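Input: a single structure, listed below in structure tokens.
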Amino acid sequence: MGRAVLRAIAALCLLAPAACGGTPGPVPQRAGPATLQVLIGSSGAAETRAVTDAAAAWSAASGNQVTVIPAQDLDQQLGQAFAGSSPPDVFYVDAARFADFASVGALEPYAEQLPGAGDFYGTLRQAFTYQGRFYCAPKDFATLALQVNEDLWAKAGLSAADVPRDWVQLAAVAERIAATGVTPLVLGDTQERIGAFLVQAGGWLISPDGTRATADSPQNLTALRYVQQLLRAGLARYPSALDTGWAGEAFGRGLAAMTIEGNWIRGALAGDYPGIRYTVHALPTGPAGPGTLSFTTCWGISARTPYRAQAVAFVEAMTAVDQQLAFASAYGVMPSVTTARDRYLQASPGDRAFLDGADHAQGPVNAPRMGNVLSDFDTQLQRLTVADPQAILRRLQRNMTAALRG
Amino acid sequence: MAEPRRRSGIRGNEAAAGWLFVAPAVLILGLFLVLPIGMALWVSVSGWNGQGSPFAAGVPYVGADNYAELFLDDGLTRENFMISLRNNLYYVAVAVPAQTLLALALALVVNQRFLKATSFFRTAFYFPSVTSSVAISVVFLFLFANSGAVNALLAMVGISGPAWFADPRGLLHLILDGLGLVDLTAPPAALTGGGPFGLSWWEWLAGPSVAMSTIIMLVVWTTSGTFMLIFLAALQDVPVQVEEASLIDGANAWQRVRHVTLPMVKPALFLVITLGLIGTWQVFDQIYVMSQGKPANTTLTPAYLSYRTAFTDFSYGTGAAISFVLFLIIVVMTLLQRWIMRDRDEPRPRRRWWPRRRSTP
């Protein structure tokens, strides 16, 4: 029986060699006009249209063919494409997944040779650096900032001068808002929001080079204790406690006076809750000063593309200052290069708090195999009200150390 | 007398023709069933990282490492896997009996001859089964939202409903807490101290979480329609004479169900429980749409964990190993169930293919 099965598999391998074979090794490069496949994880119709138009313009100017494919589920589609040895030439890589791709050799480390490599914000360069190499060019970014509901603010008798600048003021203002029966702060229950408090306290989960876990530190403990205190006193609540899917929904429905979200909240509020009046401010500073988190995506180039030079030229065109400003106005993201800063602020002065965040922003954990570990950390954070912060950090430290060992 | 050779006889040369006729089926089964299973088995013992073909030269063979990670190595992978097994175990233990009993009850009711509008009820009960599970899952999300219809109904009778999908507390924990046997905030040290496979006894004994029980309700509701049809078909095969005979013998309604109807629909019961076991161990769509394992991993199931491990963590080997363990669990459960439900009333002779040889002393 067993032998028969093996024989059957062998026979079928002859029929379907693609399923059983595949050749690794360096890919021969081709010059001349290329046909580039570009797989994007689009945020919506506006982004798809903007990228398609930009690609068409580049295609016409350079003589190459470009096909832009919006993905339904980027991670899964990329996973399948890599497994099938037919990855797209250029694709979006989220900073949180970047190290996973880089560690298995899926990405071409082209970014350090770009003429404008030094123009990208430092925090974004670091987010796409793995084992000392800057792999791919950040296409844009977002940071966390504090949103304040003007109406609820006024109702609590607060003025613009009362916007909290540090942790002490945040707690004090929250007390005054709570007295009016409104939830002061709605805060996402994951490390992608609470992590900002770790940065403000001077801590973070991993060393800057992404090799050592630094979760179990007194700074991180201070931060978690502070958040826990806010949660226990009812000064901050998780979105699920307000019967909402995410903090922006709770904020848009007027259930909370403040929230901490990124640039995407602008589009979400304008679309779903156009009536809300709010302002955006820098996050309150912690014991170690200002801190926020940055979220970014890069233009990954496949290590297996036969059109490396053409793909790099495409990415250069997409990350040029004018092109990035066009993207910014089309779907509300911030350009990833410092030379676009002033012109972006002229166009969207209300985003100063988001953009200024770049100076003290921390990118996602830049080490591979962290998905499981960080989702476990999120699970622990959801129980922060009743859990012991020290135990949470010890557990995270242990899991991260194990994952870093490989 | 020598055993006759099986391939001798006048029909021996028809074998080639036989193989020719089944060749398309064998080819399709081989290509889409045997080959993928074989490939997955190889992935589960390899260190493939998802780059290029898993059968390329550079892919390392790691033996049972991926399986050891699931059962032996103290770490997050084992903990998540054990939590997912626990969740699914409670899920199966509640969902299978519930959907079987509900389906049987519905079938018995619909099968009554005095019932008017039988076909209406049949259609109504079957309706959830033909609706897309994704659509139903989304509707349930609305029904069980904190301010949704279910909590509004509960509020009418003065009960403040839980935050269904955000509540990770286990039902067994809640019951024990309600009886005053344990304190949820300070669980007994005897149970939290240790337990098998790195999960404390306290964790193992949590029971399905509140969030999981909403998914159980959904699944029971959607699957009982299909199983009702299976029972109904079996019930309609029960001869009227047998029932009438039992009536003449003076059996009451319960006795008729227990001693006449049930034994006669036993094959259908076996089918329903088997299908139920397989379906509940493989639960994926509802988890993927409704909870993604949240809250606090209490709706994590092996099928969903396998997907997540492979496609978002790039640990294809571990993901494949999880699905093979799941496969073994289902096979073992089905065999166990077959053994439990075997006929014990009369010792049947074993089924044979060969002619019986008389042993003459």
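Letters A, B, ... go to the chains of the structure tokens in the order shown; residues in each chain start at 1; ligands are counted from 1 in the same order.
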
Close residues, Val38 of chain A itself excluded, 7 Å, only C-alpha atoms, min 2 positions apart in chain, as an mmCIF file with N, CA and C atoms, in the first residue's frame:
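So the final result, stored in out02.cif, reads:
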```
data_model
loop_
_atom_site.group_PDB
_atom_site.id
_atom_site.type_symbol
_atom_site.label_atom_id
_atom_site.label_comp_id
_atom_site.auth_asym_id
_atom_site.auth_seq_id
_atom_site.Cartn_x
_atom_site.Cartn_y
_atom_site.Cartn_z
ATOM 1 N N LEU A 36 6.268 44.699 -15.588
ATOM 2 C CA LEU A 36 6.308 44.612 -14.132
ATOM 3 C C LEU A 36 4.919 44.309 -13.585
ATOM 4 N N ILE A 40 -0.540 45.504 -4.856
ATOM 5 C CA ILE A 40 -0.682 46.474 -3.773
ATOM 6 C C ILE A 40 -1.808 46.072 -2.833
ATOM 7 N N THR A 67 1.585 46.390 -14.635
ATOM 8 C CA THR A 67 0.236 45.967 -14.284
ATOM 9 C C THR A 67 0.083 46.116 -12.773
ATOM 10 N N VAL A 68 -0.868 46.957 -12.344
ATOM 11 C CA VAL A 68 -1.117 47.133 -10.915
ATOM 12 C C VAL A 68 -2.269 46.219 -10.519
ATOM 13 N N ILE A 69 -2.000 45.337 -9.527
ATOM 14 C CA ILE A 69 -3.031 44.394 -9.072
ATOM 15 C C ILE A 69 -3.369 44.719 -7.617
ATOM 16 N N PRO A 88 5.152 38.637 -7.564
ATOM 17 C CA PRO A 88 5.123 39.876 -8.318
ATOM 18 C C PRO A 88 6.482 40.563 -8.217
ATOM 19 N N ASP A 89 6.793 41.458 -9.158
ATOM 20 C CA ASP A 89 8.107 42.114 -9.144
ATOM 21 C C ASP A 89 8.193 43.155 -8.045
ATOM 22 N N VAL A 90 7.092 43.909 -7.873
ATOM 23 C CA VAL A 90 7.053 44.961 -6.862
ATOM 24 C C VAL A 90 5.783 44.762 -6.051
ATOM 25 N N PHE A 91 5.865 44.958 -4.743
ATOM 26 C CA PHE A 91 4.672 44.762 -3.909
ATOM 27 C C PHE A 91 4.792 45.554 -2.622
#
```

Could the residues of segment 328-401 of chain A that have an atom at most 10 Å from segment 279-295 of chain A be listed as a tab-separated table, each with its closest atom pair and the distance in Å to one decimal, counting only C-alpha atoms and ordered by chain and ascending residue number?
```
residue	atom	partner	partner_atom	distance
A:Gly350	CA	A:Val280	CA	7.3
A:Asp351	CA	A:Val280	CA	7.4
A:Arg352	CA	A:His281	CA	8.3
A:Ala353	CA	A:Ala282	CA	4.9
A:Phe354	CA	A:Ala282	CA	7.2
A:Leu355	CA	A:Ala282	CA	9.5
A:Asp356	CA	A:Ala282	CA	7.9
A:Gly357	CA	A:Thr292	CA	6.2
A:Ala358	CA	A:Ser294	CA	7.1
A:Asp359	CA	A:Gly291	CA	8.7
A:His360	CA	A:Gly291	CA	5.3
A:Ala361	CA	A:Thr292	CA	4.7
A:Gln362	CA	A:Leu293	CA	4.7
A:Gly363	CA	A:Ser294	CA	5.0
A:Pro364	CA	A:Phe295	CA	7.1
```

**Request:** With a cut-off of 7 Å and counting only C-alpha atoms, select all residues of chain B in contact with chain A and give the selection as a ChimeraX atom specification.
**Result:** /B:31,35,49-53,55-56,76,146,166,296,311-313

**Request:** Identify, on the basis of only C-alpha atoms, every residue whose closest approach to segment 125-130 of chain A does not exceed 9 Å; exclude the query and any residue fewer than 5 positions from it along the same chain; express the result as JSON, numbers by chain.
**Result:** {"A": [95, 96, 98, 99, 102, 103, 117, 118, 120, 135, 136, 137, 138, 208, 209, 210, 294, 295, 296, 297, 298, 362, 363, 364, 365, 366, 367]}

For the residues in that selection, give me C-alpha atoms as a JSON list (two decimals), in the first residue's frame.
```
[["chain", "number", "residue", "atom", "x", "y", "z"],
["A", 95, "ALA", "CA", 6.59, 47.37, 8.32],
["A", 96, "ALA", "CA", 5.14, 44.92, 10.85],
["A", 98, "PHE", "CA", 8.89, 43.35, 6.82],
["A", 99, "ALA", "CA", 11.36, 41.32, 8.89],
["A", 102, "ALA", "CA", 13.55, 39.93, 4.72],
["A", 103, "SER", "CA", 14.63, 37.00, 6.90],
["A", 117, "ALA", "CA", 18.12, 57.11, 0.47],
["A", 118, "GLY", "CA", 19.14, 59.74, 3.02],
["A", 120, "PHE", "CA", 13.67, 59.24, 4.09],
["A", 135, "TYR", "CA", 15.99, 46.95, 2.19],
["A", 136, "CYS", "CA", 13.12, 48.86, 0.65],
["A", 137, "ALA", "CA", 11.90, 52.41, 0.15],
["A", 138, "PRO", "CA", 9.07, 53.57, 2.46],
["A", 208, "PRO", "CA", 17.18, 49.31, 17.90],
["A", 209, "ASP", "CA", 19.07, 46.73, 15.82],
["A", 210, "GLY", "CA", 16.26, 44.22, 16.31],
["A", 294, "SER", "CA", 4.88, 55.20, 13.17],
["A", 295, "PHE", "CA", 3.15, 52.91, 10.68],
["A", 296, "THR", "CA", 4.55, 52.52, 7.24],
["A", 297, "THR", "CA", 4.64, 50.40, 4.12],
["A", 298, "CYS", "CA", 7.46, 50.03, 1.65],
["A", 362, "GLN", "CA", 9.11, 54.32, 16.99],
["A", 363, "GLY", "CA", 8.46, 51.89, 14.13],
["A", 364, "PRO", "CA", 7.04, 48.37, 14.57],
["A", 365, "VAL", "CA", 9.12, 45.55, 16.03],
["A", 366, "ASN", "CA", 11.65, 44.85, 13.27],
["A", 367, "ALA", "CA", 12.45, 41.18, 13.88]]
```

**Request:** Mind the document's chain letters and residue numbers, and return as an NGL selection string the residues of segment 226-339 of chain B that DSSP labels helix (DSSP H, G or I).
**Result:** :B and (226-236 or 240-248 or 253-264 or 266-281 or 285-290 or 302-311 or 316-339)

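Here atom CA of Val186 of chain A stands at a distance of 10.2 Å from atom CA of Gln147 of chain A.
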
**Item:** Polymer residues at most 9 Å from Ser147 of chain B, only C-alpha atoms, same-chain spacing of 5 or more positions, as number ranges by chain
**Value:** A: 243; B: 142, 152, 163

Export of the given selection (C-alpha atoms) as a PDB file, in the first residue's frame:
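Produced file part15.pdb, reproduced below:
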```pdb
ATOM      1  CA  ASP A 243     -19.495  48.389  22.156  1.00  0.00           C
TER       2      ASP A 243
ATOM      3  CA  PHE B 142     -25.205  42.158  15.014  1.00  0.00           C
ATOM      4  CA  ALA B 152     -32.214  44.000  24.373  1.00  0.00           C
ATOM      5  CA  ALA B 163     -20.502  41.618  26.136  1.00  0.00           C
TER       6      ALA B 163
END
```

**Request:** Please provide the set of residues having any atom within 10 Å of Gln390 of chain A, restricted to only C-alpha atoms, with same-chain residues fewer than 4 positions apart removed, written as a PyMOL selection string.
**Result:** chain A and resi 216-218+220-222+224-225+394-396

**Contacts of segment 247-249 of chain A within 8 Å, only C-alpha atoms, excl. fewer than 4 positions in-chain, as JSON, numbers by chain** = {"A": [186, 187, 188, 238, 239, 253, 259, 260, 261, 265, 268, 269]}

Save out the residues we just selected, C-alpha atoms, as a PDB file, in the first residue's frame.
```
ATOM      1  CA  VAL A 186     -10.960  55.595  24.165  1.00  0.00           C
ATOM      2  CA  LEU A 187      -7.764  53.656  23.528  1.00  0.00           C
ATOM      3  CA  GLY A 188      -7.178  50.742  21.152  1.00  0.00           C
ATOM      4  CA  TYR A 238     -11.070  49.979  25.336  1.00  0.00           C
ATOM      5  CA  PRO A 239     -13.319  50.223  22.235  1.00  0.00           C
ATOM      6  CA  ARG A 253     -20.127  58.427  17.746  1.00  0.00           C
ATOM      7  CA  THR A 259      -8.729  59.086  21.327  1.00  0.00           C
ATOM      8  CA  ILE A 260      -5.257  58.138  20.115  1.00  0.00           C
ATOM      9  CA  GLU A 261      -5.257  57.139  16.473  1.00  0.00           C
ATOM     10  CA  ILE A 265      -8.901  58.514  11.376  1.00  0.00           C
ATOM     11  CA  ALA A 268     -12.779  57.369   8.510  1.00  0.00           C
ATOM     12  CA  LEU A 269     -14.428  60.244  10.396  1.00  0.00           C
TER      13      LEU A 269
END
```

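With distances restricted to only C-alpha atoms, A:Val66 is the closest residue to Asp53 of chain A from A:Val66, A:Leu124, A:Leu345, A:Ala201.
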
**Request:** Please indicate the distance in Å from atom CA of Asp183 of chain B to atom CA of Gly207 of chain B, rounded to one decimal place.
**Result:**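 Result for atom CA of Asp183 of chain B versus atom CA of Gly207 of chain B: 15.4 Å, one decimal.
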
**Message:** Please list as a PyMOL selection string every residue within 8 Å of Tyr304 of chain B, counting only C-alpha atoms and excluding residues in the same chain fewer than 3 positions away.
**Reply:** chain B and resi 283-284+287-288+292-293+300-301+307-308

Store the residues picked out above in a file with all heavy atoms, as a JSON list (two decimals), in the first residue's frame.
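Heads up, here's the output in again.json:
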```
[["chain", "number", "residue", "atom", "x", "y", "z"],
["B", 283, "VAL", "N", -13.92, 23.47, 12.38],
["B", 283, "VAL", "CA", -14.57, 24.79, 12.30],
["B", 283, "VAL", "C", -13.56, 25.86, 11.92],
["B", 283, "VAL", "O", -12.49, 25.97, 12.51],
["B", 283, "VAL", "CB", -15.29, 25.13, 13.62],
["B", 283, "VAL", "CG1", -14.32, 25.12, 14.78],
["B", 283, "VAL", "CG2", -15.98, 26.47, 13.53],
["B", 284, "PHE", "N", -13.88, 26.63, 10.90],
["B", 284, "PHE", "CA", -12.97, 27.67, 10.42],
["B", 284, "PHE", "C", -13.70, 28.95, 10.02],
["B", 284, "PHE", "O", -13.39, 30.02, 10.54],
["B", 284, "PHE", "CB", -12.15, 27.14, 9.24],
["B", 284, "PHE", "CG", -11.19, 28.15, 8.69],
["B", 284, "PHE", "CD1", -9.94, 28.31, 9.27],
["B", 284, "PHE", "CD2", -11.53, 28.94, 7.61],
["B", 284, "PHE", "CE1", -9.06, 29.26, 8.78],
["B", 284, "PHE", "CE2", -10.65, 29.89, 7.12],
["B", 284, "PHE", "CZ", -9.42, 30.04, 7.71],
["B", 287, "ILE", "N", -15.00, 31.27, 12.75],
["B", 287, "ILE", "CA", -13.92, 31.88, 13.52],
["B", 287, "ILE", "C", -13.25, 33.00, 12.69],
["B", 287, "ILE", "O", -12.99, 34.09, 13.18],
["B", 287, "ILE", "CB", -12.85, 30.83, 13.89],
["B", 287, "ILE", "CG1", -13.50, 29.61, 14.53],
["B", 287, "ILE", "CG2", -11.79, 31.43, 14.76],
["B", 287, "ILE", "CD1", -14.02, 29.81, 15.88],
["B", 288, "TYR", "N", -13.00, 32.68, 11.42],
["B", 288, "TYR", "CA", -12.32, 33.63, 10.54],
["B", 288, "TYR", "C", -13.13, 34.91, 10.40],
["B", 288, "TYR", "O", -12.59, 36.01, 10.43],
["B", 288, "TYR", "CB", -12.11, 32.96, 9.18],
["B", 288, "TYR", "CG", -11.35, 33.79, 8.17],
["B", 288, "TYR", "CD1", -9.98, 33.93, 8.26],
["B", 288, "TYR", "CD2", -12.02, 34.41, 7.12],
["B", 288, "TYR", "CE1", -9.28, 34.68, 7.33],
["B", 288, "TYR", "CE2", -11.33, 35.15, 6.19],
["B", 288, "TYR", "CZ", -9.96, 35.28, 6.30],
["B", 288, "TYR", "OH", -9.27, 36.03, 5.38],
["B", 292, "GLN", "N", -11.54, 35.68, 14.82],
["B", 292, "GLN", "CA", -10.10, 35.48, 14.62],
["B", 292, "GLN", "C", -9.39, 35.05, 15.89],
["B", 292, "GLN", "O", -8.27, 35.46, 16.16],
["B", 292, "GLN", "CB", -9.43, 36.75, 14.07],
["B", 292, "GLN", "CG", -9.74, 37.04, 12.63],
["B", 292, "GLN", "CD", -10.79, 38.09, 12.52],
["B", 292, "GLN", "OE1", -10.80, 39.03, 13.28],
["B", 292, "GLN", "NE2", -11.69, 37.92, 11.58],
["B", 293, "GLY", "N", -10.06, 34.22, 16.69],
["B", 293, "GLY", "CA", -9.42, 33.71, 17.90],
["B", 293, "GLY", "C", -9.64, 34.57, 19.13],
["B", 293, "GLY", "O", -9.43, 34.14, 20.24],
["B", 300, "LEU", "N", -9.84, 30.45, 19.53],
["B", 300, "LEU", "CA", -8.82, 29.90, 18.65],
["B", 300, "LEU", "C", -9.09, 28.41, 18.47],
["B", 300, "LEU", "O", -9.30, 27.70, 19.44],
["B", 300, "LEU", "CB", -7.46, 30.10, 19.32],
["B", 300, "LEU", "CG", -6.21, 29.96, 18.48],
["B", 300, "LEU", "CD1", -6.18, 31.02, 17.41],
["B", 300, "LEU", "CD2", -4.99, 30.10, 19.39],
["B", 301, "THR", "N", -9.11, 27.93, 17.23],
["B", 301, "THR", "CA", -9.29, 26.50, 17.00],
["B", 301, "THR", "C", -8.11, 25.99, 16.17],
["B", 301, "THR", "O", -7.46, 26.79, 15.49],
["B", 301, "THR", "CB", -10.58, 26.20, 16.24],
["B", 301, "THR", "OG1", -10.51, 26.83, 14.96],
["B", 301, "THR", "CG2", -11.80, 26.71, 16.98],
["B", 307, "TYR", "N", -4.01, 27.81, 9.84],
["B", 307, "TYR", "CA", -4.00, 28.85, 8.80],
["B", 307, "TYR", "C", -3.13, 30.02, 9.21],
["B", 307, "TYR", "O", -2.28, 30.49, 8.45],
["B", 307, "TYR", "CB", -5.44, 29.29, 8.54],
["B", 307, "TYR", "CG", -5.56, 30.56, 7.74],
["B", 307, "TYR", "CD1", -5.45, 30.54, 6.35],
["B", 307, "TYR", "CD2", -5.80, 31.78, 8.36],
["B", 307, "TYR", "CE1", -5.56, 31.70, 5.61],
["B", 307, "TYR", "CE2", -5.91, 32.94, 7.64],
["B", 307, "TYR", "CZ", -5.78, 32.90, 6.27],
["B", 307, "TYR", "OH", -5.88, 34.05, 5.55],
["B", 308, "ARG", "N", -3.34, 30.48, 10.44],
["B", 308, "ARG", "CA", -2.61, 31.66, 10.90],
["B", 308, "ARG", "C", -1.10, 31.38, 10.99],
["B", 308, "ARG", "O", -0.28, 32.20, 10.58],
["B", 308, "ARG", "CB", -3.14, 32.05, 12.30],
["B", 308, "ARG", "CG", -2.84, 33.48, 12.68],
["B", 308, "ARG", "CD", -3.41, 33.82, 14.02],
["B", 308, "ARG", "NE", -2.56, 33.32, 15.09],
["B", 308, "ARG", "CZ", -2.82, 33.53, 16.38],
["B", 308, "ARG", "NH1", -3.90, 34.17, 16.75],
["B", 308, "ARG", "NH2", -2.02, 33.06, 17.29]]
```

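With atom CA of Pro208 of chain B on one side and atom CA of Gly178 of chain B on the other, the separation reads 15.8 Å.
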